[in-house]
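One file, input_4.pdb, carrying PDB, C-alpha atoms:
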MODEL        1
ATOM      1  CA  MET G   6    -161.324 102.091  89.600
ATOM      2  CA  ASN G   7    -161.147  99.538  86.765
ATOM      3  CA  LYS G   8    -163.915 101.062  84.671
ATOM      4  CA  GLN G   9    -161.516 103.311  82.757
ATOM      5  CA  PRO G  10    -158.149 101.525  82.550
ATOM      6  CA  GLU G  11    -156.339 104.431  80.846
ATOM      7  CA  VAL G  12    -157.447 106.882  83.535
ATOM      8  CA  THR G  13    -156.618 104.379  86.270
ATOM      9  CA  ALA G  14    -153.131 103.818  84.865
ATOM     10  CA  ARG G  15    -152.534 107.562  84.457
ATOM     11  CA  THR G  16    -153.667 108.308  88.020
ATOM     12  CA  ARG G  17    -151.551 105.532  89.511
ATOM     13  CA  ALA G  18    -148.533 106.680  87.471
ATOM     14  CA  ALA G  19    -148.990 110.279  88.653
ATOM     15  CA  LEU G  20    -149.082 109.148  92.281
ATOM     16  CA  ILE G  21    -145.957 107.023  91.831
ATOM     17  CA  CYS G  22    -144.188 109.878  90.021
ATOM     18  CA  ALA G  23    -145.014 112.207  92.921
ATOM     19  CA  PHE G  24    -143.719 109.567  95.335
ATOM     20  CA  TRP G  25    -140.351 109.435  93.526
ATOM     21  CA  LYS G  26    -140.067 113.239  93.606
ATOM     22  CA  LEU G  27    -140.633 113.327  97.353
ATOM     23  CA  TYR G  28    -138.552 110.217  98.119
ATOM     24  CA  ARG G  29    -135.574 111.789  96.362
ATOM     25  CA  ASP G  30    -135.438 114.484  99.068
ATOM     26  CA  CYS G  31    -136.999 112.841 102.086
ATOM     27  CA  PRO G  32    -136.877 109.475 103.913
ATOM     28  CA  VAL G  33    -139.962 107.364 103.248
ATOM     29  CA  GLU G  34    -141.126 107.593 106.860
ATOM     30  CA  LYS G  35    -141.248 111.396 106.562
ATOM     31  CA  ILE G  36    -143.328 111.479 103.377
ATOM     32  CA  ARG G  37    -146.877 112.557 104.160
ATOM     33  CA  ILE G  38    -149.788 111.321 102.087
ATOM     34  CA  ASP G  39    -151.249 114.816 101.816
ATOM     35  CA  ALA G  40    -147.944 116.182 100.437
ATOM     36  CA  LEU G  41    -147.774 113.315  97.949
ATOM     37  CA  THR G  42    -151.340 113.740  96.737
ATOM     38  CA  LYS G  43    -150.885 117.497  96.476
ATOM     39  CA  GLU G  44    -147.765 116.948  94.351
ATOM     40  CA  ALA G  45    -149.706 114.528  92.129
ATOM     41  CA  GLY G  46    -152.795 116.750  91.913
ATOM     42  CA  TYR G  47    -155.188 114.317  93.606
ATOM     43  CA  ASN G  48    -156.852 114.002  96.978
ATOM     44  CA  ARG G  49    -156.087 111.583  99.814
ATOM     45  CA  THR G  50    -159.097 109.426  98.994
ATOM     46  CA  THR G  51    -157.723 108.772  95.517
ATOM     47  CA  PHE G  52    -154.403 107.673  97.022
ATOM     48  CA  TYR G  53    -156.150 105.061  99.165
ATOM     49  CA  GLU G  54    -157.931 103.630  96.131
ATOM     50  CA  TYR G  55    -154.499 102.529  94.865
ATOM     51  CA  PHE G  56    -152.293 102.091  97.951
ATOM     52  CA  THR G  57    -152.751 101.191 101.603
ATOM     53  CA  ASP G  58    -149.986 103.454 102.952
ATOM     54  CA  ILE G  59    -146.659 105.057 102.088
ATOM     55  CA  TYR G  60    -144.816 101.737 102.409
ATOM     56  CA  ASP G  61    -147.213 100.106  99.962
ATOM     57  CA  ILE G  62    -146.557 102.773  97.316
ATOM     58  CA  ARG G  63    -142.809 102.395  97.901
ATOM     59  CA  GLN G  64    -143.070  98.628  97.436
ATOM     60  CA  GLN G  65    -145.170  98.977  94.291
ATOM     61  CA  ALA G  66    -142.827 101.653  92.912
ATOM     62  CA  GLU G  67    -139.833  99.389  93.627
ATOM     63  CA  ASP G  68    -141.536  96.387  92.033
ATOM     64  CA  GLU G  69    -142.365  98.436  88.959
ATOM     65  CA  LEU G  70    -138.817  99.782  88.669
ATOM     66  CA  PHE G  71    -137.358  96.324  89.188
ATOM     67  CA  GLU G  72    -139.517  94.914  86.403
ATOM     68  CA  GLU G  73    -138.705  97.839  84.076
ATOM     69  CA  CYS G  74    -134.956  97.305  84.661
ATOM     70  CA  ARG G  75    -135.275  93.569  84.151
ATOM     71  CA  THR G  76    -137.290  93.987  80.939
ATOM     72  CA  LYS G  77    -134.856  96.600  79.593
ATOM     73  CA  MET G  78    -131.873  94.444  80.460
ATOM     74  CA  PHE G  79    -133.204  91.401  78.648
ATOM     75  CA  SER G  80    -134.410  93.445  75.668
ATOM     76  CA  LEU G  81    -130.785  94.536  75.229
ATOM     77  CA  LEU G  82    -129.669  90.913  75.191
ATOM     78  CA  PRO G  83    -131.757  89.525  72.327
ATOM     79  CA  ASP G  84    -129.863  86.246  72.349
ATOM     80  CA  GLY G  85    -130.439  85.883  76.072
ATOM     81  CA  VAL G  86    -127.787  85.708  78.735
ATOM     82  CA  ARG G  87    -126.199  82.565  77.310
ATOM     83  CA  GLY G  88    -125.962  83.974  73.792
ATOM     84  CA  SER G  89    -124.530  87.325  74.838
ATOM     85  CA  GLY G  90    -120.892  88.252  75.134
ATOM     86  CA  LYS G  91    -119.298  89.742  78.241
ATOM     87  CA  GLU G  92    -119.144  93.197  76.697
ATOM     88  CA  ASP G  93    -122.843  93.023  75.749
ATOM     89  CA  ILE G  94    -123.791  92.275  79.344
ATOM     90  CA  VAL G  95    -121.741  95.162  80.772
ATOM     91  CA  LYS G  96    -123.083  97.526  78.091
ATOM     92  CA  ALA G  97    -126.632  96.426  78.958
ATOM     93  CA  LEU G  98    -125.982  97.134  82.667
ATOM     94  CA  VAL G  99    -124.650 100.608  81.818
ATOM     95  CA  THR G 100    -127.669 101.276  79.581
ATOM     96  CA  VAL G 101    -130.067 100.246  82.352
ATOM     97  CA  PHE G 102    -128.288 102.533  84.821
ATOM     98  CA  ASP G 103    -128.357 105.330  82.284
ATOM     99  CA  ALA G 104    -132.112 104.930  81.801
ATOM    100  CA  TYR G 105    -133.170 104.305  85.414
ATOM    101  CA  GLY G 106    -130.221 105.613  87.408
ATOM    102  CA  ASP G 107    -132.150 108.427  89.085
ATOM    103  CA  ARG G 108    -134.571 106.001  90.745
ATOM    104  CA  ILE G 109    -131.961 103.296  91.299
ATOM    105  CA  MET G 110    -129.817 105.876  93.097
ATOM    106  CA  ILE G 111    -132.689 106.734  95.428
ATOM    107  CA  LEU G 112    -133.215 103.086  96.319
ATOM    108  CA  THR G 113    -129.537 102.211  96.676
ATOM    109  CA  GLY G 114    -128.553 105.439  98.415
ATOM    110  CA  GLU G 115    -128.613 106.329 102.092
ATOM    111  CA  ARG G 116    -132.426 106.478 102.190
ATOM    112  CA  GLY G 117    -132.730 103.329 100.158
ATOM    113  CA  ASP G 118    -133.986  99.872 100.778
ATOM    114  CA  THR G 119    -131.536  96.992 101.195
ATOM    115  CA  SER G 120    -134.112  94.527  99.892
ATOM    116  CA  PHE G 121    -134.058  96.346  96.524
ATOM    117  CA  ARG G 122    -130.251  96.147  96.382
ATOM    118  CA  ASN G 123    -130.403  92.453  97.211
ATOM    119  CA  ARG G 124    -133.038  91.819  94.537
ATOM    120  CA  MET G 125    -130.931  93.619  91.919
ATOM    121  CA  GLU G 126    -127.858  91.598  92.864
ATOM    122  CA  GLU G 127    -129.835  88.346  92.810
ATOM    123  CA  GLN G 128    -131.192  89.217  89.370
ATOM    124  CA  ALA G 129    -127.688  89.994  88.136
ATOM    125  CA  MET G 130    -126.208  86.683  89.356
ATOM    126  CA  PRO G 131    -126.917  84.727  86.126
ATOM    127  CA  LEU G 132    -125.528  87.607  84.055
ATOM    128  CA  MET G 133    -122.383  87.771  86.129
ATOM    129  CA  ARG G 134    -121.998  83.984  86.020
ATOM    130  CA  ARG G 135    -122.173  84.223  82.213
ATOM    131  CA  MET G 136    -119.625  87.048  82.198
ATOM    132  CA  LEU G 137    -117.140  85.074  84.261
ATOM    133  CA  GLY G 138    -117.595  82.099  81.975
ATOM    134  CA  ALA G 139    -116.224  79.625  84.509
ATOM    135  CA  ASP G 140    -117.202  77.977  87.745
ATOM    136  CA  ALA G 141    -114.874  78.660  90.665
ATOM    137  CA  GLY G 142    -116.565  76.107  92.893
ATOM    138  CA  GLU G 143    -117.755  77.321  96.259
ATOM    139  CA  CYS G 144    -116.139  80.726  95.636
ATOM    140  CA  THR G 145    -118.194  81.470  92.508
ATOM    141  CA  ASN G 146    -120.997  83.365  94.259
ATOM    142  CA  TYR G 147    -118.477  85.455  96.228
ATOM    143  CA  ILE G 148    -116.658  86.360  93.030
ATOM    144  CA  ILE G 149    -119.945  87.189  91.311
ATOM    145  CA  SER G 150    -120.993  89.365  94.250
ATOM    146  CA  PHE G 151    -117.642  91.174  94.096
ATOM    147  CA  VAL G 152    -117.894  91.806  90.349
ATOM    148  CA  TYR G 153    -121.538  92.892  90.525
ATOM    149  CA  ASN G 154    -120.950  95.269  93.439
ATOM    150  CA  ALA G 155    -117.842  96.699  91.780
ATOM    151  CA  ILE G 156    -119.747  97.434  88.571
ATOM    152  CA  ALA G 157    -122.790  98.732  90.483
ATOM    153  CA  GLY G 158    -120.505 100.967  92.572
ATOM    154  CA  VAL G 159    -118.866 102.432  89.471
ATOM    155  CA  LEU G 160    -122.281 103.021  87.882
ATOM    156  CA  GLN G 161    -123.615 104.665  91.047
ATOM    157  CA  TYR G 162    -120.556 106.919  91.165
ATOM    158  CA  TRP G 163    -121.114 107.777  87.489
ATOM    159  CA  CYS G 164    -124.749 108.725  88.167
ATOM    160  CA  ARG G 165    -123.885 110.704  91.325
ATOM    161  CA  ASN G 166    -121.388 112.722  89.302
ATOM    162  CA  GLY G 167    -123.856 113.658  86.593
ATOM    163  CA  LYS G 168    -122.641 111.026  84.110
ATOM    164  CA  GLU G 169    -119.728 113.322  83.330
ATOM    165  CA  MET G 170    -117.735 110.530  81.688
ATOM    166  CA  PRO G 171    -119.006 109.540  78.234
ATOM    167  CA  GLU G 172    -120.655 106.111  78.202
ATOM    168  CA  GLU G 173    -118.105 104.564  75.814
ATOM    169  CA  GLN G 174    -115.221 105.733  77.999
ATOM    170  CA  LEU G 175    -116.972 104.352  81.074
ATOM    171  CA  LEU G 176    -117.464 100.994  79.346
ATOM    172  CA  SER G 177    -113.793 100.920  78.369
ATOM    173  CA  LEU G 178    -112.769 101.664  81.961
ATOM    174  CA  ILE G 179    -115.024  98.922  83.369
ATOM    175  CA  TYR G 180    -113.704  96.379  80.843
ATOM    176  CA  SER G 181    -110.131  97.356  81.638
ATOM    177  CA  MET G 182    -110.637  97.004  85.397
ATOM    178  CA  MET G 183    -112.413  93.661  84.951
ATOM    179  CA  TYR G 184    -110.075  92.026  82.466
ATOM    180  CA  ASP G 185    -106.715  93.681  83.205
ATOM    181  CA  GLY G 186    -107.215  94.248  86.920
ATOM    182  CA  THR G 187    -107.695  97.428  88.884
ATOM    183  CA  MET G 188    -104.045  98.056  89.785
ATOM    184  CA  LYS G 189    -102.842  97.465  86.237
ATOM    185  CA  THR G 190    -105.524  99.883  84.971
ATOM    186  CA  VAL G 191    -104.468 102.538  87.527
ATOM    187  CA  MET G 192    -100.809 102.158  86.547
ATOM    188  CA  PHE G 193    -101.663 102.359  82.844
ATOM    189  CA  MET G 194    -103.867 105.433  83.317
ATOM    190  CA  SER G 195    -101.210 107.188  85.390
ATOM    191  CA  GLY G 196     -98.546 106.470  82.757
ATOM    192  CA  GLN G 197     -96.461 104.095  84.892
TER     193      GLN G 197
ENDMDL
END

So that I can check it, write out the structure of this file as structure tokens.
Amino acid sequence: MNKQPEVTARTRAALICAFWKLYRDCPVEKIRIDALTKEAGYNRTTFYEYFTDIYDIRQQAEDELFEECRTKMFSLLPDGVRGSGKEDIVKALVTVFDAYGDRIMILTGERGDTSFRNRMEEQAMPLMRRMLGADAGECTNYIISFVYNAIAGVLQYWCRNGKEMPEEQLLSLIYSMMYDGTMKTVMFMSGQ
């Protein structure tokens, strides 16, 4: 398997790509190895050279996606979390969702995996702490969880609805809800 790294990487990627296609429409426990390998254009034996079972490919696909999101996020914050402004962090989150939203939606949707959601939230904690810019004592982590889940919920809704709102308008809406408050934003948008 390691004799030709390019071929190995291509084969593994094809199997993972096929997994995502099937996982989009079917719970993981219903995905059959033969359907996956047929979708990828390989045989069952090839699958088992890379993965032990369907749960192993899901875990590896999640790990890969998690790392891609993390890398993308930090590449968008060249000065790091501490050197980035609040707007930069939110824009980076929107950009990550824009790039990986299809797979994130699978993992955070009804067929998803709560461990992935928890990992994403845990990874976002330092970013959210930086955004808030203050320590609220024992309540800080609750506030961070609220802000993260609010932003993640808005981004999931955006993806579910085909990203019909332009990114800049979405960013403006998120900033407004965060800094002016949700009710004030609703009243402003409705002309009251």

Requested in this report: Starting from the displayed file, determine the output of the PyMOL selection byres ((chain G and resi 20) around 8) and express the residue list as number ranges by chain.
Outcome: G: 16-19, 21-24, 41-42, 45, 52

When the PyMOL selection byres ((chain G and resi 103) around 12) is applied to the structure above, which residues does it catch, written out as an mmCIF file with C-alpha atoms, in the frame of the given file?
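Full text of part36.cif as output:
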data_model
loop_
_atom_site.group_PDB
_atom_site.id
_atom_site.type_symbol
_atom_site.label_atom_id
_atom_site.label_comp_id
_atom_site.auth_asym_id
_atom_site.auth_seq_id
_atom_site.Cartn_x
_atom_site.Cartn_y
_atom_site.Cartn_z
ATOM 1 C CA CYS G 74 -134.956 97.305 84.661
ATOM 2 C CA LYS G 77 -134.856 96.600 79.593
ATOM 3 C CA MET G 78 -131.873 94.444 80.460
ATOM 4 C CA LYS G 96 -123.083 97.526 78.091
ATOM 5 C CA ALA G 97 -126.632 96.426 78.958
ATOM 6 C CA LEU G 98 -125.982 97.134 82.667
ATOM 7 C CA VAL G 99 -124.650 100.608 81.818
ATOM 8 C CA THR G 100 -127.669 101.276 79.581
ATOM 9 C CA VAL G 101 -130.067 100.246 82.352
ATOM 10 C CA PHE G 102 -128.288 102.533 84.821
ATOM 11 C CA ALA G 104 -132.112 104.930 81.801
ATOM 12 C CA TYR G 105 -133.170 104.305 85.414
ATOM 13 C CA GLY G 106 -130.221 105.613 87.408
ATOM 14 C CA ASP G 107 -132.150 108.427 89.085
ATOM 15 C CA ARG G 108 -134.571 106.001 90.745
ATOM 16 C CA ILE G 109 -131.961 103.296 91.299
ATOM 17 C CA MET G 110 -129.817 105.876 93.097
ATOM 18 C CA ALA G 157 -122.790 98.732 90.483
ATOM 19 C CA LEU G 160 -122.281 103.021 87.882
ATOM 20 C CA GLN G 161 -123.615 104.665 91.047
ATOM 21 C CA TYR G 162 -120.556 106.919 91.165
ATOM 22 C CA TRP G 163 -121.114 107.777 87.489
ATOM 23 C CA CYS G 164 -124.749 108.725 88.167
ATOM 24 C CA ARG G 165 -123.885 110.704 91.325
ATOM 25 C CA GLY G 167 -123.856 113.658 86.593
ATOM 26 C CA LYS G 168 -122.641 111.026 84.110
ATOM 27 C CA GLU G 169 -119.728 113.322 83.330
ATOM 28 C CA MET G 170 -117.735 110.530 81.688
ATOM 29 C CA PRO G 171 -119.006 109.540 78.234
ATOM 30 C CA GLU G 172 -120.655 106.111 78.202
ATOM 31 C CA LEU G 175 -116.972 104.352 81.074
#

Report summary line: Here atom CA of Glu92 of chain G and atom CA of Thr119 of chain G stand apart by 27.7 Å

Segment 118-127 of chain G, all listed atoms, 6 Å padding on each side: what axis-aligned box centre and edge lengths in Å to one decimal come out, as AutoDock Vina command-line options?
--center_x -131.0 --center_y 94.1 --center_z 96.6 --size_x 18.3 --size_y 23.5 --size_z 21.3

Query raised in the report: What gap, in Å, lies between atom CA of Ile179 of chain G and atom CA of Val95 of chain G?
Result: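 Interatomic distance, atom CA of Ile179 of chain G to atom CA of Val95 of chain G: 8.1 Å.
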
Requested in this report: Run the PyMOL selection byres ((chain G and resi 32) around 12) against the file shown and list the residues it catches, as a list in words.
Outcome: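 The output of the PyMOL selection byres ((chain G and resi 32) around 12) on this file is Phe24, Trp25, Lys26, Leu27, Tyr28, Arg29, Asp30, Cys31, Val33, Glu34, Lys35, Ile36, Arg37, Ile59, Tyr60, Arg63, Ile111, Leu112, Gly114, Glu115, Arg116, Gly117 and Asp118 of chain G.
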
**Report entry** Point-to-point distance from atom CA of Ile149 of chain G to atom CA of Ser120 of chain G, Å rounded to tenths
**Finding:**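 Interatomic distance, atom CA of Ile149 of chain G to atom CA of Ser120 of chain G: 18.1 Å.
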
Query raised in the report: In terms of the shortest atom-to-atom distance over only C-alpha atoms, which of G:Asn48, G:Leu178, G:Tyr55, G:Gly158 is closest to Ala14 of chain G?
Result: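 Once distances to Ala14 of chain G are computed over only C-alpha atoms, the minimum belongs to G:Tyr55.
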
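Closest to Glu127 of chain G among G:Arg49, G:Asn154, G:Glu173, G:Met182 is G:Asn154, based on only C-alpha atoms.
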
Requested in this report: Go through G:Met125, G:Glu44, G:Pro131, G:Thr57 and flag the residue nearest Glu73 of chain G, using only C-alpha atoms for the distances.
Outcome: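 Checking each of G:Met125, G:Glu44, G:Pro131, G:Thr57 against Glu73 of chain G, counting only C-alpha atoms, the winner is G:Met125.
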
For Ser181 of chain G, find every residue with an atom within 12 Å (counting all atoms listed in the file), except residues of its own chain fewer than 2 positions away, and show them as a PDB file with C-alpha atoms, in the coordinates of the input.
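To be explicit, this is the file written out as result_19.pdb:
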ATOM      1  CA  GLU G  92    -119.144  93.197  76.697  1.00  0.00           C
ATOM      2  CA  VAL G  95    -121.741  95.162  80.772  1.00  0.00           C
ATOM      3  CA  ILE G 156    -119.747  97.434  88.571  1.00  0.00           C
ATOM      4  CA  GLN G 174    -115.221 105.733  77.999  1.00  0.00           C
ATOM      5  CA  LEU G 175    -116.972 104.352  81.074  1.00  0.00           C
ATOM      6  CA  LEU G 176    -117.464 100.994  79.346  1.00  0.00           C
ATOM      7  CA  SER G 177    -113.793 100.920  78.369  1.00  0.00           C
ATOM      8  CA  LEU G 178    -112.769 101.664  81.961  1.00  0.00           C
ATOM      9  CA  ILE G 179    -115.024  98.922  83.369  1.00  0.00           C
ATOM     10  CA  MET G 183    -112.413  93.661  84.951  1.00  0.00           C
ATOM     11  CA  TYR G 184    -110.075  92.026  82.466  1.00  0.00           C
ATOM     12  CA  ASP G 185    -106.715  93.681  83.205  1.00  0.00           C
ATOM     13  CA  GLY G 186    -107.215  94.248  86.920  1.00  0.00           C
ATOM     14  CA  THR G 187    -107.695  97.428  88.884  1.00  0.00           C
ATOM     15  CA  MET G 188    -104.045  98.056  89.785  1.00  0.00           C
ATOM     16  CA  LYS G 189    -102.842  97.465  86.237  1.00  0.00           C
ATOM     17  CA  THR G 190    -105.524  99.883  84.971  1.00  0.00           C
ATOM     18  CA  VAL G 191    -104.468 102.538  87.527  1.00  0.00           C
ATOM     19  CA  MET G 192    -100.809 102.158  86.547  1.00  0.00           C
ATOM     20  CA  PHE G 193    -101.663 102.359  82.844  1.00  0.00           C
ATOM     21  CA  MET G 194    -103.867 105.433  83.317  1.00  0.00           C
TER      22      MET G 194
END

Your completed segment 162-173 of chain G with all heavy atoms, as a JSON list (two decimals), in the coordinates of the input:
[["chain", "number", "residue", "atom", "x", "y", "z"],
["G", 162, "TYR", "N", -121.45, 105.77, 91.15],
["G", 162, "TYR", "CA", -120.56, 106.92, 91.16],
["G", 162, "TYR", "C", -120.75, 107.76, 89.91],
["G", 162, "TYR", "O", -120.80, 108.99, 89.97],
["G", 162, "TYR", "CB", -119.10, 106.44, 91.28],
["G", 162, "TYR", "CG", -118.11, 107.56, 91.41],
["G", 162, "TYR", "CD1", -117.88, 108.16, 92.65],
["G", 162, "TYR", "CD2", -117.42, 108.05, 90.31],
["G", 162, "TYR", "CE1", -116.99, 109.21, 92.79],
["G", 162, "TYR", "CE2", -116.53, 109.09, 90.43],
["G", 162, "TYR", "CZ", -116.32, 109.67, 91.67],
["G", 162, "TYR", "OH", -115.43, 110.72, 91.80],
["G", 163, "TRP", "N", -120.88, 107.10, 88.77],
["G", 163, "TRP", "CA", -121.11, 107.78, 87.49],
["G", 163, "TRP", "C", -122.40, 108.60, 87.55],
["G", 163, "TRP", "O", -122.42, 109.77, 87.15],
["G", 163, "TRP", "CB", -121.17, 106.72, 86.40],
["G", 163, "TRP", "CG", -121.36, 107.19, 85.00],
["G", 163, "TRP", "CD1", -120.59, 108.08, 84.30],
["G", 163, "TRP", "CD2", -122.38, 106.77, 84.09],
["G", 163, "TRP", "NE1", -121.07, 108.23, 83.01],
["G", 163, "TRP", "CE2", -122.16, 107.43, 82.86],
["G", 163, "TRP", "CE3", -123.44, 105.88, 84.19],
["G", 163, "TRP", "CZ2", -122.98, 107.24, 81.76],
["G", 163, "TRP", "CZ3", -124.24, 105.68, 83.09],
["G", 163, "TRP", "CH2", -124.03, 106.36, 81.89],
["G", 164, "CYS", "N", -123.47, 108.01, 88.06],
["G", 164, "CYS", "CA", -124.75, 108.72, 88.17],
["G", 164, "CYS", "C", -124.66, 109.88, 89.15],
["G", 164, "CYS", "O", -125.15, 110.98, 88.88],
["G", 164, "CYS", "CB", -125.87, 107.77, 88.60],
["G", 164, "CYS", "SG", -126.36, 106.61, 87.31],
["G", 165, "ARG", "N", -124.02, 109.65, 90.31],
["G", 165, "ARG", "CA", -123.88, 110.70, 91.32],
["G", 165, "ARG", "C", -123.12, 111.90, 90.79],
["G", 165, "ARG", "O", -123.32, 113.02, 91.22],
["G", 165, "ARG", "CB", -123.14, 110.17, 92.56],
["G", 165, "ARG", "CG", -124.00, 109.75, 93.68],
["G", 165, "ARG", "CD", -123.24, 109.55, 94.99],
["G", 165, "ARG", "NE", -121.92, 108.99, 94.92],
["G", 165, "ARG", "CZ", -121.63, 107.69, 94.92],
["G", 165, "ARG", "NH1", -122.60, 106.81, 94.99],
["G", 165, "ARG", "NH2", -120.40, 107.28, 94.87],
["G", 166, "ASN", "N", -122.22, 111.65, 89.86],
["G", 166, "ASN", "CA", -121.39, 112.72, 89.30],
["G", 166, "ASN", "C", -121.91, 113.24, 87.97],
["G", 166, "ASN", "O", -121.16, 113.76, 87.15],
["G", 166, "ASN", "CB", -119.94, 112.25, 89.18],
["G", 166, "ASN", "CG", -119.30, 112.16, 90.54],
["G", 166, "ASN", "OD1", -119.03, 113.17, 91.17],
["G", 166, "ASN", "ND2", -119.10, 110.95, 91.02],
["G", 167, "GLY", "N", -123.22, 113.07, 87.77],
["G", 167, "GLY", "CA", -123.86, 113.66, 86.59],
["G", 167, "GLY", "C", -123.47, 113.01, 85.27],
["G", 167, "GLY", "O", -123.54, 113.66, 84.23],
["G", 168, "LYS", "N", -123.02, 111.77, 85.32],
["G", 168, "LYS", "CA", -122.64, 111.03, 84.11],
["G", 168, "LYS", "C", -121.65, 111.83, 83.28],
["G", 168, "LYS", "O", -121.75, 111.91, 82.05],
["G", 168, "LYS", "CB", -123.89, 110.65, 83.30],
["G", 168, "LYS", "CG", -124.87, 109.80, 84.07],
["G", 168, "LYS", "CD", -126.12, 109.55, 83.29],
["G", 168, "LYS", "CE", -127.13, 108.82, 84.16],
["G", 168, "LYS", "NZ", -128.42, 108.66, 83.49],
["G", 169, "GLU", "N", -120.69, 112.44, 83.99],
["G", 169, "GLU", "CA", -119.73, 113.32, 83.33],
["G", 169, "GLU", "C", -118.79, 112.59, 82.38],
["G", 169, "GLU", "O", -118.27, 113.19, 81.44],
["G", 169, "GLU", "CB", -118.92, 114.10, 84.37],
["G", 169, "GLU", "CG", -118.08, 113.22, 85.27],
["G", 169, "GLU", "CD", -117.43, 113.94, 86.43],
["G", 169, "GLU", "OE1", -117.65, 115.15, 86.58],
["G", 169, "GLU", "OE2", -116.69, 113.29, 87.18],
["G", 170, "MET", "N", -118.57, 111.31, 82.60],
["G", 170, "MET", "CA", -117.74, 110.53, 81.69],
["G", 170, "MET", "C", -118.62, 109.97, 80.58],
["G", 170, "MET", "O", -119.68, 109.41, 80.86],
["G", 170, "MET", "CB", -117.06, 109.37, 82.45],
["G", 170, "MET", "CG", -116.15, 108.53, 81.58],
["G", 170, "MET", "SD", -115.40, 107.15, 82.49],
["G", 170, "MET", "CE", -114.17, 108.02, 83.45],
["G", 171, "PRO", "N", -118.21, 110.11, 79.32],
["G", 171, "PRO", "CA", -119.01, 109.54, 78.23],
["G", 171, "PRO", "C", -119.18, 108.02, 78.42],
["G", 171, "PRO", "O", -118.27, 107.35, 78.91],
["G", 171, "PRO", "CB", -118.19, 109.85, 76.97],
["G", 171, "PRO", "CG", -117.28, 110.97, 77.38],
["G", 171, "PRO", "CD", -117.03, 110.81, 78.84],
["G", 172, "GLU", "N", -120.32, 107.52, 77.99],
["G", 172, "GLU", "CA", -120.66, 106.11, 78.20],
["G", 172, "GLU", "C", -119.59, 105.17, 77.63],
["G", 172, "GLU", "O", -119.21, 104.19, 78.27],
["G", 172, "GLU", "CB", -122.02, 105.81, 77.58],
["G", 172, "GLU", "CG", -122.52, 104.42, 77.89],
["G", 172, "GLU", "CD", -123.92, 104.16, 77.36],
["G", 172, "GLU", "OE1", -124.82, 104.99, 77.59],
["G", 172, "GLU", "OE2", -124.08, 103.13, 76.70],
["G", 173, "GLU", "N", -119.11, 105.44, 76.43],
["G", 173, "GLU", "CA", -118.10, 104.56, 75.81],
["G", 173, "GLU", "C", -116.81, 104.53, 76.63],
["G", 173, "GLU", "O", -116.18, 103.49, 76.77],
["G", 173, "GLU", "CB", -117.83, 104.98, 74.36],
["G", 173, "GLU", "CG", -118.98, 104.69, 73.41],
["G", 173, "GLU", "CD", -119.40, 103.22, 73.42],
["G", 173, "GLU", "OE1", -118.53, 102.32, 73.40],
["G", 173, "GLU", "OE2", -120.61, 102.97, 73.44]]
